[in-house]
Amino acid sequence: MGRKAGILAAVYVAVLAINLDVTIVNVALPSIARELGAGTRGLQWVVDGYNLAFAALVLAFGSLSDRFGRRPALVLGLVGFAAASVVGARVGSTGALIAARFAMGAFAAMIFPTTLSIISNAFPDRRQRAAALGGWGAVVGVGVACGPVTGGLLLEHFYWGSVFLALAPVALVAAGLAWWLVPESRDRGVPALDVRGLVISVLMLGLLVDTVIEAPQRGWASATTVCGFALSAVLVVVFVVAERAAAHPMLDVRLFADRRFSAASGAVTANFFALAGFIFLITQYFQVVRGFGPLSTGSRILPVALSISIASVAGGALAPRIGTRVVVVTGLVLFGGAMAWIALSVGVGTAYWSVIVPQMVLMGLGMGLVSTPATESIMLVLPPSRAGVGSAVNDATRELGSTLGVAVVGSVFSSVFGARLLDGAFAATGRVDQAKESVPVAFGIAGHDPALLHAAQDSFLSGLEAGCLVVAGVCLAAAIVGLFALPGRHFHRVDGAAVAGEAPQVVV
């Protein structure tokens, strides 16, 4: 048991290093907007550069780590992540920062598949594995919790790049622990990388995210936007056809024929879509609309992060007893309900303790109840020898959800925000085009002018309301699907299932 504890320690620190990045960066967005002159679209790319690289490469790196060794992939990814973080802290333009974020995402894609596959191989017993995965989910929550406070504390005393520099020592410590404590494991039977599938998937995801983020600027009904969506859909079909025809596909799309696997993947996607979209907006709400400092903002996000940690452990314990379906659907309903509540109640002077805190707790409990059971459901379809593939699918759906959450929610917000500015007092200033590109710029133009300040606040809150309603709709739609498709209580892996050339088999 001592060796297993050491393995978990190494894996959990690696997970912490990556998940600190999730919210430590979001807290810094207003500072980045001011210091680097980044608009809303630039901020979306700062967040989504990381998410997109992660989502596009995680499947490939999951397969490569299975084949060539999980420990080397974990160590190399952590060292590369630390180096990219240092580079990101030293850049002087939005474009350079976005490039560094892409690099950080690529190295993170090397790290995450190994963490879940190492747990799956080290803990074959379901209850022990569920407990280990519960701890994994809790560490994700701790990373989300520590990120805002750590970022806020750094920004109170140092420049915006300090939030990236802070990630480097954590990643290096994790690399040392992994090299020392994690045993080597690999599956030499894993086939060569599916380069064709990788290229198509990168083009598909890149085009879709670019189309969504740039749509407010180009116009949602413009020829460029419509063609972008249409070509993205075509590439999805091409990817599915290519993967079905490949002898050794990067992603065995037949896995999604199992409704339990596909429903669990959808739940993870919806979960992180909701979280990423919410965090992207709420950090700007606290800092720009409410006027709180970075540290105060970070502290105010703690309720959602801490409740994620608690519910992740509870979800891992409850799923084997009462069933994945009950736990995950309940979590999605709680998350969606919290977002609908926020949309209906948010205002400039909304009470923090009596309104916002209960909303965040409800949201965090919902996310935690979804995360661990849905992750376990994905991992149970594959045998331990292919755990890297299952881990990569889980990570890909997670990052795909985060990427689309920032892209879709951010773009919906930007469209509504800009439209409301056009209809308000800003129309007479002649600076609407400049104001609608960036929330801090709009509030800077407003200054202390009551009419302009009210217009800026009203425009922001209208965009926030629209974004929250989109998130609520996604969560509730996922809950309805999960009610019919997710597995019940008696759900376990069948030995030898989902190996190459076989359809996945699951007993419920």
# chains A, B, ... in the order shown; residues from 1 in each chain; ligands from 1

$ residues_around --residues "A:Val441" --least-positions-apart "2" --cutoff "12 Å" --atoms "only C-alpha atoms" --output "list in words"
Pro30, Ser31, Ala33, Arg34, Glu35, Gly37, Ala38, Gly39, Thr40, Val288, Arg431, Val432, Asp433, Gln434, Ala435, Lys436, Glu437, Ser438, Val439, Phe443, Gly444, Ile445, Ala446, Gly447, Leu453 and Ala456 of chain A

$ write_last_selection --atoms "C-alpha atoms" --output "short mmCIF file (atom, residue, chain, number, x, y, z; two decimals), in the first residue's frame"
data_model
loop_
_atom_site.label_atom_id
_atom_site.label_comp_id
_atom_site.auth_asym_id
_atom_site.auth_seq_id
_atom_site.Cartn_x
_atom_site.Cartn_y
_atom_site.Cartn_z
CA PRO A 30 -8.42 41.67 -16.87
CA SER A 31 -4.74 42.39 -16.11
CA ALA A 33 -6.34 42.92 -21.21
CA ARG A 34 -4.94 46.12 -19.69
CA GLU A 35 -1.22 45.37 -19.97
CA GLY A 37 -4.18 45.48 -24.92
CA ALA A 38 -6.07 42.22 -25.45
CA GLY A 39 -9.74 42.41 -26.45
CA THR A 40 -12.39 39.81 -25.65
CA VAL A 288 -14.57 44.92 -13.83
CA ARG A 431 -16.24 54.93 -29.62
CA VAL A 432 -18.62 51.97 -29.73
CA ASP A 433 -16.37 49.88 -31.96
CA GLN A 434 -13.49 50.35 -29.56
CA ALA A 435 -15.63 49.68 -26.48
CA LYS A 436 -17.26 46.49 -27.68
CA GLU A 437 -13.89 44.86 -28.37
CA SER A 438 -12.94 44.78 -24.69
CA VAL A 439 -14.85 44.93 -21.41
CA PHE A 443 -15.59 50.56 -18.58
CA GLY A 444 -12.49 52.73 -18.99
CA ILE A 445 -14.30 54.88 -21.56
CA ALA A 446 -17.32 55.10 -19.25
CA GLY A 447 -15.19 56.37 -16.38
CA LEU A 453 -21.29 53.46 -16.67
CA ALA A 456 -21.59 49.40 -19.76
#

$ residues_around --residues "A:Ser411" --least-positions-apart "6" --cutoff "12 Å" --atoms "only C-alpha atoms" --output "MDAnalysis selection string"
chainID A and resid 40:45 209:220 277 280:281 403:405 417:418 436:437 463:464 466:467 470

$ residues_around --residues "stretch 22-28 of chain A" --least-positions-apart "6" --cutoff "7 Å" --atoms "only C-alpha atoms" --output "PDB file with N, CA, C and O atoms, in the first residue's frame"
ATOM      1  N   VAL A 144      -8.400  23.985  -8.963  1.00  0.00           N
ATOM      2  CA  VAL A 144      -9.323  25.070  -9.299  1.00  0.00           C
ATOM      3  C   VAL A 144      -9.443  26.040  -8.131  1.00  0.00           C
ATOM      4  O   VAL A 144      -9.548  27.257  -8.311  1.00  0.00           O
ATOM      5  N   GLY A 147      -6.002  27.999  -7.637  1.00  0.00           N
ATOM      6  CA  GLY A 147      -5.661  28.864  -8.757  1.00  0.00           C
ATOM      7  C   GLY A 147      -6.084  30.307  -8.567  1.00  0.00           C
ATOM      8  O   GLY A 147      -5.248  31.219  -8.680  1.00  0.00           O
ATOM      9  N   PRO A 148      -7.364  30.577  -8.293  1.00  0.00           N
ATOM     10  CA  PRO A 148      -7.790  31.974  -8.147  1.00  0.00           C
ATOM     11  C   PRO A 148      -7.091  32.709  -7.008  1.00  0.00           C
ATOM     12  O   PRO A 148      -6.685  33.856  -7.156  1.00  0.00           O
ATOM     13  N   THR A 150      -4.186  31.903  -5.492  1.00  0.00           N
ATOM     14  CA  THR A 150      -2.762  32.040  -5.804  1.00  0.00           C
ATOM     15  C   THR A 150      -2.539  33.133  -6.844  1.00  0.00           C
ATOM     16  O   THR A 150      -1.655  33.990  -6.701  1.00  0.00           O
ATOM     17  N   GLY A 151      -3.357  33.092  -7.908  1.00  0.00           N
ATOM     18  CA  GLY A 151      -3.239  34.106  -8.947  1.00  0.00           C
ATOM     19  C   GLY A 151      -3.523  35.497  -8.413  1.00  0.00           C
ATOM     20  O   GLY A 151      -2.807  36.457  -8.720  1.00  0.00           O
ATOM     21  N   GLY A 152      -4.580  35.609  -7.594  1.00  0.00           N
ATOM     22  CA  GLY A 152      -4.905  36.911  -7.017  1.00  0.00           C
ATOM     23  C   GLY A 152      -3.812  37.436  -6.128  1.00  0.00           C
ATOM     24  O   GLY A 152      -3.468  38.627  -6.164  1.00  0.00           O
ATOM     25  N   TRP A 160       1.494  40.579 -14.324  1.00  0.00           N
ATOM     26  CA  TRP A 160       0.590  39.532 -14.801  1.00  0.00           C
ATOM     27  C   TRP A 160       1.319  38.226 -15.110  1.00  0.00           C
ATOM     28  O   TRP A 160       0.763  37.131 -14.943  1.00  0.00           O
ATOM     29  N   VAL A 163       1.681  34.768 -12.832  1.00  0.00           N
ATOM     30  CA  VAL A 163       0.751  33.635 -12.731  1.00  0.00           C
ATOM     31  C   VAL A 163       1.248  32.446 -13.553  1.00  0.00           C
ATOM     32  O   VAL A 163       0.894  31.297 -13.266  1.00  0.00           O
ATOM     33  N   ILE A 279     -16.410  30.467 -15.604  1.00  0.00           N
ATOM     34  CA  ILE A 279     -15.206  31.075 -15.032  1.00  0.00           C
ATOM     35  C   ILE A 279     -14.705  32.223 -15.912  1.00  0.00           C
ATOM     36  O   ILE A 279     -14.247  33.262 -15.424  1.00  0.00           O
ATOM     37  N   PHE A 280     -14.791  32.041 -17.239  1.00  0.00           N
ATOM     38  CA  PHE A 280     -14.333  33.080 -18.163  1.00  0.00           C
ATOM     39  C   PHE A 280     -15.071  34.400 -17.913  1.00  0.00           C
ATOM     40  O   PHE A 280     -14.475  35.473 -17.962  1.00  0.00           O
ATOM     41  N   THR A 283     -14.918  35.952 -13.609  1.00  0.00           N
ATOM     42  CA  THR A 283     -13.732  36.687 -13.167  1.00  0.00           C
ATOM     43  C   THR A 283     -13.787  38.136 -13.641  1.00  0.00           C
ATOM     44  O   THR A 283     -13.375  39.051 -12.916  1.00  0.00           O
ATOM     45  N   PRO A 294      -7.777  41.379  -7.742  1.00  0.00           N
ATOM     46  CA  PRO A 294      -7.529  39.984  -8.133  1.00  0.00           C
ATOM     47  C   PRO A 294      -7.605  39.003  -6.964  1.00  0.00           C
ATOM     48  O   PRO A 294      -8.182  37.920  -7.090  1.00  0.00           O
ATOM     49  N   GLY A 298     -10.283  36.057  -6.515  1.00  0.00           N
ATOM     50  CA  GLY A 298      -9.900  34.655  -6.313  1.00  0.00           C
ATOM     51  C   GLY A 298     -10.551  34.053  -5.098  1.00  0.00           C
ATOM     52  O   GLY A 298     -11.021  32.901  -5.124  1.00  0.00           O
TER      53      GLY A 298
END

$ atom_distance --atom1 "atom CA of A:Ala223" --atom2 "atom CA of A:Ser201"
23.1 Å

$ atom_distance --atom1 "atom CA of A:Val139" --atom2 "atom CA of A:Leu16"
6.1 Å

$ residues_around --residues "A:Val268" --least-positions-apart "5" --cutoff "9 Å" --atoms "only C-alpha atoms" --output "list in words"
Ala263, Phe273, Val370, Ser371, Ala374, Thr375, Asn394, Asp395, Thr397, Arg398 and Gly401 of chain A

$ residues_around --residues "A:Leu362" --least-positions-apart "3" --cutoff "10 Å" --atoms "only C-alpha atoms" --output "list in words"
Pro303, Val304, Ser307, Ile308, Gly331, Val333, Leu334, Phe335, Gly336, Gly337, Ala338, Met339, Ile356, Val357, Pro358, Gln359, Leu365, Gly366 and Met367 of chain A

$ closest_residue --among "A:Ala264, A:Ala419, A:Leu76, A:Val289" --to "A:Ala485" --atoms "only C-alpha atoms"
A:Ala264

$ select_by_dssp --residues "stretch 406-503 of chain A" --states "helix (DSSP H, G or I)" --output "VMD selection string"
chain A and resid 406 to 423 425 to 428 432 to 436 439 to 446 450 to 485

$ closest_residue --among "A:Val412, A:Ala221, A:Leu255, A:Ala138" --to "A:Gly368" --atoms "only C-alpha atoms"
A:Ala138

$ residues_around --residues "A:Gly197" --least-positions-apart "4" --cutoff "12 Å" --atoms "only C-alpha atoms" --output "CSV table (one decimal) with C-alpha atoms, in the first residue's frame"
chain,number,residue,atom,x,y,z
A,56,ALA,CA,-6.3,18.2,-30.4
A,57,LEU,CA,-3.3,16.3,-29.2
A,59,LEU,CA,-5.6,11.3,-28.0
A,60,ALA,CA,-2.3,11.0,-29.9
A,192,ALA,CA,1.7,3.1,-34.6
A,193,LEU,CA,0.2,6.6,-34.5
A,201,SER,CA,-8.9,16.2,-36.1
A,202,VAL,CA,-6.5,19.2,-35.6
A,203,LEU,CA,-8.0,20.9,-38.7
A,204,MET,CA,-11.5,20.1,-37.6
A,235,LEU,CA,-14.5,17.5,-41.5
A,236,VAL,CA,-16.3,15.7,-38.7
A,237,VAL,CA,-17.8,13.3,-41.2
A,238,VAL,CA,-14.4,12.9,-42.9
A,239,PHE,CA,-12.8,12.1,-39.6
A,240,VAL,CA,-15.4,9.5,-38.7
A,241,VAL,CA,-15.1,7.8,-42.1
A,242,ALA,CA,-11.3,7.9,-42.0
A,243,GLU,CA,-11.2,6.4,-38.5
A,244,ARG,CA,-13.6,3.6,-39.3
A,245,ALA,CA,-11.5,2.7,-42.3
A,246,ALA,CA,-8.1,2.9,-40.5
A,247,ALA,CA,-6.6,-0.4,-39.4
A,248,HIS,CA,-5.4,1.2,-36.2
A,249,PRO,CA,-7.4,4.5,-35.7
A,250,MET,CA,-6.3,7.2,-33.3
A,251,LEU,CA,-9.9,7.2,-31.9
A,252,ASP,CA,-11.9,4.0,-32.3
A,253,VAL,CA,-15.2,5.7,-33.0

$ closest_residue --among "A:Asp258, A:Glu376, A:Glu399, A:Asp458" --to "A:Ala106" --atoms "only C-alpha atoms"
A:Glu399

$ atom_distance --atom1 "atom CA of A:Ser117" --atom2 "atom CA of A:Ser265"
16.6 Å

$ closest_residue --among "A:Asn19, A:Gln284, A:Gln128, A:Thr225" --to "A:Gly143" --atoms "only C-alpha atoms"
A:Asn19

$ closest_residue --among "A:Ala343, A:Ala178, A:Leu302, A:Val47" --to "A:Gly473" --atoms "only C-alpha atoms"
A:Ala343
